Each structure stands twice: as C-alpha cells, then as structure tokens.
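To be precise, the following lines are data03.pdb, and they hold PDB, C-alpha atoms and all ligand atoms.
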```
ATOM      1  CA  MET A   1    -141.050  47.231 -67.360
ATOM      2  CA  LEU A   2    -140.410  49.298 -64.233
ATOM      3  CA  GLU A   3    -144.158  49.774 -63.779
ATOM      4  CA  PHE A   4    -144.435  46.032 -63.068
ATOM      5  CA  TYR A   5    -141.735  46.173 -60.371
ATOM      6  CA  PRO A   6    -144.121  45.583 -57.392
ATOM      7  CA  GLN A   7    -145.769  42.601 -59.086
ATOM      8  CA  ILE A   8    -142.464  41.020 -60.143
ATOM      9  CA  LYS A   9    -141.030  41.494 -56.664
ATOM     10  CA  LEU A  10    -144.162  39.904 -55.182
ATOM     11  CA  VAL A  11    -143.730  36.887 -57.482
ATOM     12  CA  HIS A  12    -140.040  36.649 -56.427
ATOM     13  CA  ILE A  13    -140.978  36.742 -52.739
ATOM     14  CA  LEU A  14    -143.911  34.298 -53.029
ATOM     15  CA  ALA A  15    -141.663  31.890 -54.954
ATOM     16  CA  ILE A  16    -139.030  32.226 -52.210
ATOM     17  CA  ALA A  17    -141.599  31.379 -49.525
ATOM     18  CA  CYS A  18    -142.744  28.380 -51.583
ATOM     19  CA  SER A  19    -139.237  27.219 -52.440
ATOM     20  CA  GLY A  20    -137.938  27.586 -48.861
ATOM     21  CA  SER A  21    -140.935  25.803 -47.287
ATOM     22  CA  LEU A  22    -140.720  22.992 -49.815
ATOM     23  CA  PHE A  23    -136.996  22.525 -49.145
ATOM     24  CA  LEU A  24    -137.683  22.503 -45.382
ATOM     25  CA  LEU A  25    -140.410  19.860 -45.775
ATOM     26  CA  ARG A  26    -138.434  17.710 -48.218
ATOM     27  CA  GLY A  27    -135.180  17.829 -46.220
ATOM     28  CA  GLY A  28    -137.052  17.191 -42.955
ATOM     29  CA  GLY A  29    -138.995  14.319 -44.554
ATOM     30  CA  LEU A  30    -135.810  12.677 -45.824
ATOM     31  CA  LEU A  31    -134.172  13.023 -42.410
ATOM     32  CA  VAL A  32    -136.925  10.970 -40.802
ATOM     33  CA  GLY A  33    -136.776   8.355 -43.572
ATOM     34  CA  MET A  34    -139.762   9.333 -45.726
ATOM     35  CA  ARG A  35    -139.726   8.594 -49.443
ATOM     36  CA  TRP A  36    -142.148  11.182 -50.859
ATOM     37  CA  PRO A  37    -139.564  14.025 -50.917
ATOM     38  CA  MET A  38    -137.810  12.395 -53.894
ATOM     39  CA  ALA A  39    -140.975  11.419 -55.793
ATOM     40  CA  ALA A  40    -141.012  12.709 -59.388
ATOM     41  CA  PRO A  41    -144.031  15.073 -59.023
ATOM     42  CA  VAL A  42    -142.480  16.697 -55.945
ATOM     43  CA  ARG A  43    -139.143  17.141 -57.737
ATOM     44  CA  TYR A  44    -140.777  18.649 -60.825
ATOM     45  CA  PHE A  45    -142.879  20.980 -58.708
ATOM     46  CA  SER A  46    -139.717  22.088 -56.954
ATOM     47  CA  TYR A  47    -137.900  22.748 -60.284
ATOM     48  CA  THR A  48    -140.905  24.788 -61.456
ATOM     49  CA  VAL A  49    -140.983  26.961 -58.337
ATOM     50  CA  ASP A  50    -137.223  27.568 -58.544
ATOM     51  CA  THR A  51    -137.503  28.508 -62.223
ATOM     52  CA  VAL A  52    -140.200  31.075 -61.387
ATOM     53  CA  LEU A  53    -138.030  32.385 -58.526
ATOM     54  CA  LEU A  54    -134.963  32.835 -60.712
ATOM     55  CA  THR A  55    -136.896  34.270 -63.662
ATOM     56  CA  ALA A  56    -138.438  36.939 -61.422
ATOM     57  CA  ALA A  57    -134.966  37.588 -59.951
ATOM     58  CA  MET A  58    -133.481  38.120 -63.434
ATOM     59  CA  MET A  59    -136.335  40.487 -64.327
ATOM     60  CA  LEU A  60    -135.743  42.530 -61.160
ATOM     61  CA  LEU A  61    -132.048  42.587 -61.963
ATOM     62  CA  THR A  62    -132.625  44.027 -65.424
ATOM     63  CA  ILE A  63    -135.216  46.651 -64.487
ATOM     64  CA  LEU A  64    -133.617  48.106 -61.349
ATOM     65  CA  PRO A  65    -130.953  50.833 -61.566
ATOM     66  CA  LYS A  66    -127.478  49.384 -61.073
ATOM     67  CA  GLU A  67    -126.694  51.971 -58.358
ATOM     68  CA  LEU A  68    -128.935  49.886 -56.087
ATOM     69  CA  PHE A  69    -126.333  47.110 -56.139
ATOM     70  CA  ALA A  70    -123.303  49.382 -55.636
ATOM     71  CA  ASN A  71    -122.269  48.000 -52.220
ATOM     72  CA  GLY A  72    -121.997  44.456 -53.613
ATOM     73  CA  TRP A  73    -124.949  42.937 -51.717
ATOM     74  CA  LEU A  74    -126.335  41.306 -54.848
ATOM     75  CA  THR A  75    -122.979  39.732 -55.791
ATOM     76  CA  VAL A  76    -122.682  38.206 -52.314
ATOM     77  CA  LYS A  77    -126.314  37.097 -52.487
ATOM     78  CA  VAL A  78    -125.894  35.346 -55.835
ATOM     79  CA  ALA A  79    -122.660  33.671 -54.616
ATOM     80  CA  LEU A  80    -124.579  32.399 -51.570
ATOM     81  CA  VAL A  81    -127.416  31.169 -53.811
ATOM     82  CA  VAL A  82    -124.824  28.951 -55.533
ATOM     83  CA  VAL A  83    -123.605  27.698 -52.123
ATOM     84  CA  TYR A  84    -127.240  27.073 -51.115
ATOM     85  CA  ILE A  85    -127.901  25.047 -54.273
ATOM     86  CA  VAL A  86    -124.779  22.882 -53.750
ATOM     87  CA  LEU A  87    -125.662  22.277 -50.081
ATOM     88  CA  GLY A  88    -129.236  21.478 -51.142
ATOM     89  CA  VAL A  89    -128.019  18.857 -53.606
ATOM     90  CA  PHE A  90    -125.965  17.216 -50.831
ATOM     91  CA  ALA A  91    -128.877  17.426 -48.380
ATOM     92  CA  LEU A  92    -131.397  15.833 -50.734
ATOM     93  CA  ARG A  93    -129.344  13.579 -52.981
ATOM     94  CA  ARG A  94    -125.584  13.401 -52.919
ATOM     95  CA  GLY A  95    -124.886  13.131 -49.186
ATOM     96  CA  ARG A  96    -123.726   9.546 -48.637
ATOM     97  CA  THR A  97    -124.645   9.159 -44.985
ATOM     98  CA  PRO A  98    -127.653  10.481 -43.020
ATOM     99  CA  ARG A  99    -125.188  12.543 -40.963
ATOM    100  CA  THR A 100    -123.731  14.253 -44.065
ATOM    101  CA  ARG A 101    -127.226  14.935 -45.365
ATOM    102  CA  ALA A 102    -128.329  16.368 -42.007
ATOM    103  CA  ILE A 103    -125.298  18.678 -41.788
ATOM    104  CA  ALA A 104    -125.760  19.848 -45.396
ATOM    105  CA  PHE A 105    -129.478  20.421 -44.699
ATOM    106  CA  ALA A 106    -128.819  22.544 -41.589
ATOM    107  CA  ALA A 107    -126.071  24.522 -43.371
ATOM    108  CA  ALA A 108    -128.374  25.115 -46.385
ATOM    109  CA  LEU A 109    -131.087  26.532 -44.100
ATOM    110  CA  LEU A 110    -128.596  28.897 -42.455
ATOM    111  CA  VAL A 111    -127.339  30.064 -45.863
ATOM    112  CA  PHE A 112    -130.940  30.554 -47.033
ATOM    113  CA  ALA A 113    -131.639  32.728 -43.977
ATOM    114  CA  GLN A 114    -128.528  34.805 -44.630
ATOM    115  CA  ILE A 115    -129.565  35.283 -48.296
ATOM    116  CA  TYR A 116    -132.918  36.547 -47.037
ATOM    117  CA  PHE A 117    -131.314  39.011 -44.602
ATOM    118  CA  ILE A 118    -128.859  40.252 -47.257
ATOM    119  CA  ALA A 119    -131.810  40.952 -49.570
ATOM    120  CA  ARG A 120    -133.765  42.740 -46.834
ATOM    121  CA  ALA A 121    -130.811  44.799 -45.651
ATOM    122  CA  HIS A 122    -129.409  45.534 -49.127
ATOM    123  CA  ASN A 123    -126.090  44.916 -47.421
ATOM    124  CA  PRO A 124    -123.586  42.083 -47.968
ATOM    125  CA  LEU A 125    -123.329  41.479 -44.188
ATOM    126  CA  GLY A 126    -127.009  40.532 -44.020
ATOM    127  CA  LEU A 127    -128.028  39.491 -40.509
ATOM    128  CA  PHE A 128    -124.809  40.870 -38.996
ATOM    129  CA  TYR A 129    -125.609  44.274 -40.476
ATOM    130  CA  LEU A 130    -129.196  44.168 -39.184
ATOM    131  CA  LEU A 131    -127.993  43.196 -35.681
ATOM    132  CA  GLY A 132    -125.192  45.739 -35.596
TER
HETATM  133  C1  LIG A 201    -129.686  34.256 -58.316
HETATM  134  C2  LIG A 201    -130.683  34.422 -57.487
HETATM  135  C3  LIG A 201    -131.291  35.742 -57.094
HETATM  136  C4  LIG A 201    -131.174  36.999 -57.645
HETATM  137  C5  LIG A 201    -130.357  37.429 -58.874
HETATM  138  C6  LIG A 201    -132.020  37.891 -56.858
HETATM  139  C7  LIG A 201    -132.206  39.245 -57.120
HETATM  140  C8  LIG A 201    -133.043  40.076 -56.419
HETATM  141  C9  LIG A 201    -133.295  41.454 -56.747
HETATM  142  C10 LIG A 201    -132.661  42.209 -57.920
HETATM  143  C11 LIG A 201    -134.176  41.947 -55.824
HETATM  144  C12 LIG A 201    -134.797  43.350 -55.788
HETATM  145  C13 LIG A 201    -134.244  44.189 -54.681
HETATM  146  C14 LIG A 201    -135.097  45.424 -54.473
HETATM  147  O1  LIG A 201    -136.262  45.459 -54.867
HETATM  148  O2  LIG A 201    -134.623  46.370 -53.881
HETATM  149  C15 LIG A 201    -134.486  40.867 -54.907
HETATM  150  C16 LIG A 201    -135.323  40.964 -53.818
HETATM  151  C17 LIG A 201    -135.433  40.016 -52.841
HETATM  152  N1  LIG A 201    -134.861  38.765 -52.860
HETATM  153 FE1  LIG A 201    -133.803  37.944 -54.381
HETATM  154  N2  LIG A 201    -132.624  37.179 -55.846
HETATM  155  C18 LIG A 201    -132.196  35.868 -55.955
HETATM  156  C19 LIG A 201    -132.539  34.830 -55.120
HETATM  157  C20 LIG A 201    -133.137  34.995 -53.886
HETATM  158  C21 LIG A 201    -133.287  33.957 -52.899
HETATM  159  C22 LIG A 201    -132.832  32.485 -53.030
HETATM  160  C23 LIG A 201    -133.889  34.531 -51.826
HETATM  161  C24 LIG A 201    -134.264  33.803 -50.555
HETATM  162  C25 LIG A 201    -133.796  33.942 -49.419
HETATM  163  C26 LIG A 201    -134.155  35.919 -52.144
HETATM  164  C27 LIG A 201    -134.768  36.859 -51.311
HETATM  165  C28 LIG A 201    -135.174  38.130 -51.687
HETATM  166  C29 LIG A 201    -136.005  39.020 -50.876
HETATM  167  C30 LIG A 201    -136.581  38.706 -49.494
HETATM  168  C31 LIG A 201    -136.153  40.205 -51.605
HETATM  169  C32 LIG A 201    -136.929  41.472 -51.199
HETATM  170  C33 LIG A 201    -135.986  42.433 -50.521
HETATM  171  C34 LIG A 201    -136.692  43.711 -50.107
HETATM  172  O3  LIG A 201    -137.537  43.647 -49.223
HETATM  173  O4  LIG A 201    -136.383  44.768 -50.681
HETATM  174  N3  LIG A 201    -133.691  36.175 -53.407
HETATM  175  N4  LIG A 201    -133.774  39.737 -55.284
END
```
Taking this structure as input, can you express it in the form of structure tokens?
Amino acid sequence: MLEFYPQIKLVHILAIACSGSLFLLRGGGLLVGMRWPMAAPVRYFSYTVDTVLLTAAMMLLTILPKELFANGWLTVKVALVVVYIVLGVFALRRGRTPRTRAIAFAAALLVFAQIYFIARAHNPLGLFYLLG
C-alpha cells in the first residue's frame, strides 16, 4: 500500500480543500439567510466529500510508520476534528439563534485552520509551533 502514499495523500488534501470550501460557503450562506445550504443534494454531497476525506485519512494512518505520530500531533488533530464536527453541527443546524450559529461557525473555521497547521507542522502546537 505504501507505494500509493502520494496518491492517497493527494486525495486526502483535495477532499480537505473541497470540504473546507463547502463548509465556508454553506455557513456563510446560512448567515445571510440563504436556504440552499441545507438542501438535500448539498447535504449529501457534503457527506460524500467527508467520507472520502476520512477514508483517505484512515488509509494514511494504516500505511504510515507509527513513529511519525510519536509526538502526539495526530491525537491532537483527531481530537480537534471531533471539536470541528460538533461546532459545524451547531453552525449549520443546532444553533438556536443566528448569533450562536455565527459564533459556532467562526470557531469551527479557526479549529479547521489549526487542524491544517498541526498536519503541516507534524506538531501538536500547530500554528503556534510554526510561528515560534
Ligand atoms: C480523523 C480525521 C483525520 C485523520 C485521522 C488524518 C490523518 C492524516 C494523516 C495520517 C496524514 C499523513 C501525514 C503525512 O503524510 O506525513 C494526514 C495529512 C494531512 N492532513 Fe489529515 N487527517 C484527518 C483529518 C484532516 C482534516 C479535517 C484536515 C483539514 C484541516 C487535515 C489536513 C491534513 C493535511 C493538510 C495533511 C498533509 C500534511 C503534510 O503536508 O504532510 N486532515 N492526515
């Protein structure tokens, strides 16, 4: 499987770009009162992209040597993915007021950025590591 590492990583990264842009558009659309972000085709497309993203992630996880994750960056990343998903649910669906949804949306984008920096830096501090 290791010989497919570059392709699998590319799929993971393309799915991240797709997933992140879609979340940005949907959350932004909802904030200004649009209805398309919750339409069934958009939701199903979003589930599909996220499934591809996570499947590629699991494949990377199984083929890479575990020494690569020794400093705990992946554990922190996965924990933040859970936080991102919960915030995303509040931003798109569960937030009762527009203000709650807006705060959850902004927080989700910040968490997404930190997940990205953690992945790039291979360090649990993410952006703070890259800046320091
Ligand atoms: C449970 C979810 C996830 C798991 C288990 C996971 C796992 C992984 C693994 C194992 C790698 C390979 C690291 C390497 O090649 O050195 C990777 C790369 C990467 N992941 Fe994820 N990932 C997940 C979700 C995400 C999300 C939501 C983002 C979006 C911000 C993301 C961003 C990245 C990036 C940018 C890379 C490439 C890092 C580099 O340049 O080396 N991942 N991920």
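Rounded to one decimal, atom CA of A:Tyr129 and atom CA of A:Ile13 lie 21.1 Å from each other.
Of the residues under consideration (A:Tyr47, A:Leu10, A:Asn123, A:Leu2), A:Asn123 shows the shortest atom-to-atom contact distance to A:Ala70 when counting all atoms listed in the file.
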Pull the closest atom pair for each residue of chain A that gets at most 6 Å from ligand LIG 201 (chain A), along with the distance in Å to one decimal, counting all atoms listed in the file, ordering rows by chain and then ascending residue number, as JSON lines.
```
{"residue": "A:Ile13", "atom": "CA", "partner": "A:LIG201", "partner_atom": "C29", "distance": 5.8}
{"residue": "A:Ile16", "atom": "CA", "partner": "A:LIG201", "partner_atom": "C24", "distance": 5.3}
{"residue": "A:Leu54", "atom": "CA", "partner": "A:LIG201", "partner_atom": "C2", "distance": 5.6}
{"residue": "A:Ala57", "atom": "CA", "partner": "A:LIG201", "partner_atom": "C6", "distance": 4.3}
{"residue": "A:Met58", "atom": "CA", "partner": "A:LIG201", "partner_atom": "C5", "distance": 5.6}
{"residue": "A:Leu60", "atom": "CA", "partner": "A:LIG201", "partner_atom": "C10", "distance": 4.5}
{"residue": "A:Leu61", "atom": "CA", "partner": "A:LIG201", "partner_atom": "C10", "distance": 4.1}
{"residue": "A:Val78", "atom": "CA", "partner": "A:LIG201", "partner_atom": "C1", "distance": 4.7}
{"residue": "A:Val81", "atom": "CA", "partner": "A:LIG201", "partner_atom": "C22", "distance": 5.6}
{"residue": "A:Phe112", "atom": "CA", "partner": "A:LIG201", "partner_atom": "C25", "distance": 5.0}
{"residue": "A:Ala113", "atom": "CA", "partner": "A:LIG201", "partner_atom": "C25", "distance": 6.0}
{"residue": "A:Ile115", "atom": "CA", "partner": "A:LIG201", "partner_atom": "C25", "distance": 4.6}
{"residue": "A:Tyr116", "atom": "CA", "partner": "A:LIG201", "partner_atom": "C25", "distance": 3.6}
{"residue": "A:Ala119", "atom": "CA", "partner": "A:LIG201", "partner_atom": "C33", "distance": 4.5}
{"residue": "A:Arg120", "atom": "CA", "partner": "A:LIG201", "partner_atom": "C33", "distance": 4.3}
```
Got time to write the residues from that selection, C-alpha atoms, as a CSV table (one decimal), in the coordinates of the input?
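This is the output file again-v7.csv:
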```
chain,number,residue,atom,x,y,z
A,13,ILE,CA,-141.0,36.7,-52.7
A,16,ILE,CA,-139.0,32.2,-52.2
A,54,LEU,CA,-135.0,32.8,-60.7
A,57,ALA,CA,-135.0,37.6,-60.0
A,58,MET,CA,-133.5,38.1,-63.4
A,60,LEU,CA,-135.7,42.5,-61.2
A,61,LEU,CA,-132.0,42.6,-62.0
A,78,VAL,CA,-125.9,35.3,-55.8
A,81,VAL,CA,-127.4,31.2,-53.8
A,112,PHE,CA,-130.9,30.6,-47.0
A,113,ALA,CA,-131.6,32.7,-44.0
A,115,ILE,CA,-129.6,35.3,-48.3
A,116,TYR,CA,-132.9,36.5,-47.0
A,119,ALA,CA,-131.8,41.0,-49.6
A,120,ARG,CA,-133.8,42.7,-46.8
```
Protein and nucleic acid residues near (-138.3, 34.9, -57.7) (cut-off 12 Å, all atoms listed in the file) as a PDB file with C-alpha atoms, in the frame of the given file:
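Result file is result.pdb:
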```
ATOM      1  CA  GLN A   7    -145.769  42.601 -59.086  1.00  0.00           C
ATOM      2  CA  ILE A   8    -142.464  41.020 -60.143  1.00  0.00           C
ATOM      3  CA  LYS A   9    -141.030  41.494 -56.664  1.00  0.00           C
ATOM      4  CA  LEU A  10    -144.162  39.904 -55.182  1.00  0.00           C
ATOM      5  CA  VAL A  11    -143.730  36.887 -57.482  1.00  0.00           C
ATOM      6  CA  HIS A  12    -140.040  36.649 -56.427  1.00  0.00           C
ATOM      7  CA  ILE A  13    -140.978  36.742 -52.739  1.00  0.00           C
ATOM      8  CA  LEU A  14    -143.911  34.298 -53.029  1.00  0.00           C
ATOM      9  CA  ALA A  15    -141.663  31.890 -54.954  1.00  0.00           C
ATOM     10  CA  ILE A  16    -139.030  32.226 -52.210  1.00  0.00           C
ATOM     11  CA  ALA A  17    -141.599  31.379 -49.525  1.00  0.00           C
ATOM     12  CA  CYS A  18    -142.744  28.380 -51.583  1.00  0.00           C
ATOM     13  CA  SER A  19    -139.237  27.219 -52.440  1.00  0.00           C
ATOM     14  CA  GLY A  20    -137.938  27.586 -48.861  1.00  0.00           C
ATOM     15  CA  THR A  48    -140.905  24.788 -61.456  1.00  0.00           C
ATOM     16  CA  VAL A  49    -140.983  26.961 -58.337  1.00  0.00           C
ATOM     17  CA  ASP A  50    -137.223  27.568 -58.544  1.00  0.00           C
ATOM     18  CA  THR A  51    -137.503  28.508 -62.223  1.00  0.00           C
ATOM     19  CA  VAL A  52    -140.200  31.075 -61.387  1.00  0.00           C
ATOM     20  CA  LEU A  53    -138.030  32.385 -58.526  1.00  0.00           C
ATOM     21  CA  LEU A  54    -134.963  32.835 -60.712  1.00  0.00           C
ATOM     22  CA  THR A  55    -136.896  34.270 -63.662  1.00  0.00           C
ATOM     23  CA  ALA A  56    -138.438  36.939 -61.422  1.00  0.00           C
ATOM     24  CA  ALA A  57    -134.966  37.588 -59.951  1.00  0.00           C
ATOM     25  CA  MET A  58    -133.481  38.120 -63.434  1.00  0.00           C
ATOM     26  CA  MET A  59    -136.335  40.487 -64.327  1.00  0.00           C
ATOM     27  CA  LEU A  60    -135.743  42.530 -61.160  1.00  0.00           C
ATOM     28  CA  LEU A  61    -132.048  42.587 -61.963  1.00  0.00           C
TER      29      LEU A  61
END
```
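Of the residues listed (A:Leu22, A:Leu80, A:Leu92, A:Leu87), A:Leu22 shows the shortest atom-to-atom separation from A:Phe45; distances use only C-alpha atoms.
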What would the selection look like, as a ChimeraX atom specification, if the PyMOL selection byres (((chain A and resi 99-108) around 8) and not hetatm) were run on the coordinates I just shared? /A:27,31,83-85,87-88,90-92,94-98,109-112
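Rounded to one decimal, atom CA of A:Arg93 and atom CA of A:Ser21 lie 17.8 Å from each other.
We find atom CA of A:Ala121 and atom CA of A:Trp73 to be spaced 8.6 Å apart.
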Explicit residue set for the PyMOL selection byres (((chain A and resi 26) around 8) and not hetatm), as a ChimeraX atom specification: /A:22-25,27-30,36-38,92
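Closest approach to A:Leu64 from the set A:Gln114, A:Val76, A:Val32, A:Met1 is made by A:Met1, with distances taken over all atoms listed in the file.
If you measure from each of A:Ile63, A:Leu74, A:Val86, A:Leu127 to A:Glu3 using all atoms listed in the file, the closest one turns out to be A:Ile63.
Using only C-alpha atoms, the smallest distance between any of A:Leu131, A:Lys66, A:Arg43, A:Asn71 and A:Val89 comes from A:Arg43.
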Can stretch 110-121 of chain A be brought up to all heavy atoms and written out as a PDB file, keeping the file's coordinate frame?
```pdb
ATOM      1  N   LEU A 110    -129.272  27.696 -42.970  1.00  0.00           N
ATOM      2  CA  LEU A 110    -128.596  28.897 -42.455  1.00  0.00           C
ATOM      3  C   LEU A 110    -128.227  29.835 -43.606  1.00  0.00           C
ATOM      4  O   LEU A 110    -128.406  31.062 -43.520  1.00  0.00           O
ATOM      5  CB  LEU A 110    -127.323  28.502 -41.676  1.00  0.00           C
ATOM      6  CG  LEU A 110    -127.555  27.828 -40.327  1.00  0.00           C
ATOM      7  CD1 LEU A 110    -126.231  27.436 -39.689  1.00  0.00           C
ATOM      8  CD2 LEU A 110    -128.319  28.772 -39.386  1.00  0.00           C
ATOM      9  N   VAL A 111    -127.723  29.242 -44.702  1.00  0.00           N
ATOM     10  CA  VAL A 111    -127.339  30.064 -45.863  1.00  0.00           C
ATOM     11  C   VAL A 111    -128.581  30.738 -46.452  1.00  0.00           C
ATOM     12  O   VAL A 111    -128.559  31.921 -46.797  1.00  0.00           O
ATOM     13  CB  VAL A 111    -126.598  29.203 -46.922  1.00  0.00           C
ATOM     14  CG1 VAL A 111    -126.377  29.989 -48.206  1.00  0.00           C
ATOM     15  CG2 VAL A 111    -125.257  28.734 -46.366  1.00  0.00           C
ATOM     16  N   PHE A 112    -129.684  29.989 -46.516  1.00  0.00           N
ATOM     17  CA  PHE A 112    -130.940  30.554 -47.033  1.00  0.00           C
ATOM     18  C   PHE A 112    -131.357  31.771 -46.196  1.00  0.00           C
ATOM     19  O   PHE A 112    -131.733  32.821 -46.727  1.00  0.00           O
ATOM     20  CB  PHE A 112    -132.033  29.480 -47.009  1.00  0.00           C
ATOM     21  CG  PHE A 112    -133.332  29.923 -47.628  1.00  0.00           C
ATOM     22  CD1 PHE A 112    -133.542  29.793 -48.996  1.00  0.00           C
ATOM     23  CD2 PHE A 112    -134.346  30.474 -46.861  1.00  0.00           C
ATOM     24  CE1 PHE A 112    -134.735  30.207 -49.576  1.00  0.00           C
ATOM     25  CE2 PHE A 112    -135.544  30.883 -47.436  1.00  0.00           C
ATOM     26  CZ  PHE A 112    -135.735  30.743 -48.797  1.00  0.00           C
ATOM     27  N   ALA A 113    -131.258  31.621 -44.863  1.00  0.00           N
ATOM     28  CA  ALA A 113    -131.639  32.728 -43.977  1.00  0.00           C
ATOM     29  C   ALA A 113    -130.736  33.933 -44.236  1.00  0.00           C
ATOM     30  O   ALA A 113    -131.218  35.072 -44.323  1.00  0.00           O
ATOM     31  CB  ALA A 113    -131.529  32.277 -42.517  1.00  0.00           C
ATOM     32  N   GLN A 114    -129.451  33.684 -44.395  1.00  0.00           N
ATOM     33  CA  GLN A 114    -128.528  34.805 -44.630  1.00  0.00           C
ATOM     34  C   GLN A 114    -128.829  35.486 -45.983  1.00  0.00           C
ATOM     35  O   GLN A 114    -128.788  36.711 -46.084  1.00  0.00           O
ATOM     36  CB  GLN A 114    -127.064  34.320 -44.553  1.00  0.00           C
ATOM     37  CG  GLN A 114    -126.020  35.393 -44.820  1.00  0.00           C
ATOM     38  CD  GLN A 114    -125.984  36.536 -43.774  1.00  0.00           C
ATOM     39  OE1 GLN A 114    -126.925  36.774 -43.031  1.00  0.00           O
ATOM     40  NE2 GLN A 114    -124.892  37.272 -43.750  1.00  0.00           N
ATOM     41  N   ILE A 115    -129.193  34.700 -46.997  1.00  0.00           N
ATOM     42  CA  ILE A 115    -129.565  35.283 -48.296  1.00  0.00           C
ATOM     43  C   ILE A 115    -130.761  36.220 -48.099  1.00  0.00           C
ATOM     44  O   ILE A 115    -130.809  37.332 -48.614  1.00  0.00           O
ATOM     45  CB  ILE A 115    -129.926  34.177 -49.318  1.00  0.00           C
ATOM     46  CG1 ILE A 115    -128.719  33.307 -49.625  1.00  0.00           C
ATOM     47  CG2 ILE A 115    -130.463  34.790 -50.617  1.00  0.00           C
ATOM     48  CD1 ILE A 115    -129.045  32.068 -50.467  1.00  0.00           C
ATOM     49  N   TYR A 116    -131.722  35.742 -47.309  1.00  0.00           N
ATOM     50  CA  TYR A 116    -132.918  36.547 -47.037  1.00  0.00           C
ATOM     51  C   TYR A 116    -132.530  37.883 -46.366  1.00  0.00           C
ATOM     52  O   TYR A 116    -132.964  38.948 -46.774  1.00  0.00           O
ATOM     53  CB  TYR A 116    -133.883  35.747 -46.154  1.00  0.00           C
ATOM     54  CG  TYR A 116    -135.075  36.552 -45.700  1.00  0.00           C
ATOM     55  CD1 TYR A 116    -136.179  36.716 -46.528  1.00  0.00           C
ATOM     56  CD2 TYR A 116    -135.074  37.187 -44.459  1.00  0.00           C
ATOM     57  CE1 TYR A 116    -137.261  37.485 -46.116  1.00  0.00           C
ATOM     58  CE2 TYR A 116    -136.143  37.962 -44.050  1.00  0.00           C
ATOM     59  CZ  TYR A 116    -137.237  38.108 -44.879  1.00  0.00           C
ATOM     60  OH  TYR A 116    -138.296  38.886 -44.480  1.00  0.00           O
ATOM     61  N   PHE A 117    -131.679  37.791 -45.332  1.00  0.00           N
ATOM     62  CA  PHE A 117    -131.314  39.011 -44.602  1.00  0.00           C
ATOM     63  C   PHE A 117    -130.498  39.964 -45.485  1.00  0.00           C
ATOM     64  O   PHE A 117    -130.640  41.179 -45.381  1.00  0.00           O
ATOM     65  CB  PHE A 117    -130.550  38.654 -43.318  1.00  0.00           C
ATOM     66  CG  PHE A 117    -131.426  37.999 -42.286  1.00  0.00           C
ATOM     67  CD1 PHE A 117    -131.111  36.755 -41.763  1.00  0.00           C
ATOM     68  CD2 PHE A 117    -132.586  38.623 -41.848  1.00  0.00           C
ATOM     69  CE1 PHE A 117    -131.926  36.142 -40.820  1.00  0.00           C
ATOM     70  CE2 PHE A 117    -133.413  38.022 -40.895  1.00  0.00           C
ATOM     71  CZ  PHE A 117    -133.078  36.781 -40.381  1.00  0.00           C
ATOM     72  N   ILE A 118    -129.633  39.404 -46.338  1.00  0.00           N
ATOM     73  CA  ILE A 118    -128.859  40.252 -47.257  1.00  0.00           C
ATOM     74  C   ILE A 118    -129.816  41.020 -48.175  1.00  0.00           C
ATOM     75  O   ILE A 118    -129.670  42.222 -48.398  1.00  0.00           O
ATOM     76  CB  ILE A 118    -127.869  39.397 -48.079  1.00  0.00           C
ATOM     77  CG1 ILE A 118    -126.730  38.914 -47.182  1.00  0.00           C
ATOM     78  CG2 ILE A 118    -127.306  40.188 -49.263  1.00  0.00           C
ATOM     79  CD1 ILE A 118    -125.765  37.950 -47.852  1.00  0.00           C
ATOM     80  N   ALA A 119    -130.839  40.309 -48.670  1.00  0.00           N
ATOM     81  CA  ALA A 119    -131.810  40.952 -49.570  1.00  0.00           C
ATOM     82  C   ALA A 119    -132.574  42.048 -48.835  1.00  0.00           C
ATOM     83  O   ALA A 119    -132.784  43.143 -49.354  1.00  0.00           O
ATOM     84  CB  ALA A 119    -132.770  39.907 -50.131  1.00  0.00           C
ATOM     85  N   ARG A 120    -132.987  41.761 -47.601  1.00  0.00           N
ATOM     86  CA  ARG A 120    -133.765  42.740 -46.834  1.00  0.00           C
ATOM     87  C   ARG A 120    -132.923  43.959 -46.481  1.00  0.00           C
ATOM     88  O   ARG A 120    -133.393  45.086 -46.518  1.00  0.00           O
ATOM     89  CB  ARG A 120    -134.293  42.110 -45.534  1.00  0.00           C
ATOM     90  CG  ARG A 120    -135.351  41.059 -45.742  1.00  0.00           C
ATOM     91  CD  ARG A 120    -136.632  41.635 -46.287  1.00  0.00           C
ATOM     92  NE  ARG A 120    -137.255  42.529 -45.315  1.00  0.00           N
ATOM     93  CZ  ARG A 120    -138.183  43.433 -45.617  1.00  0.00           C
ATOM     94  NH1 ARG A 120    -138.579  43.572 -46.857  1.00  0.00           N
ATOM     95  NH2 ARG A 120    -138.702  44.187 -44.684  1.00  0.00           N
ATOM     96  N   ALA A 121    -131.658  43.704 -46.121  1.00  0.00           N
ATOM     97  CA  ALA A 121    -130.811  44.799 -45.651  1.00  0.00           C
ATOM     98  C   ALA A 121    -130.174  45.562 -46.811  1.00  0.00           C
ATOM     99  O   ALA A 121    -129.674  46.672 -46.611  1.00  0.00           O
ATOM    100  CB  ALA A 121    -129.715  44.234 -44.737  1.00  0.00           C
TER     101      ALA A 121
END
```
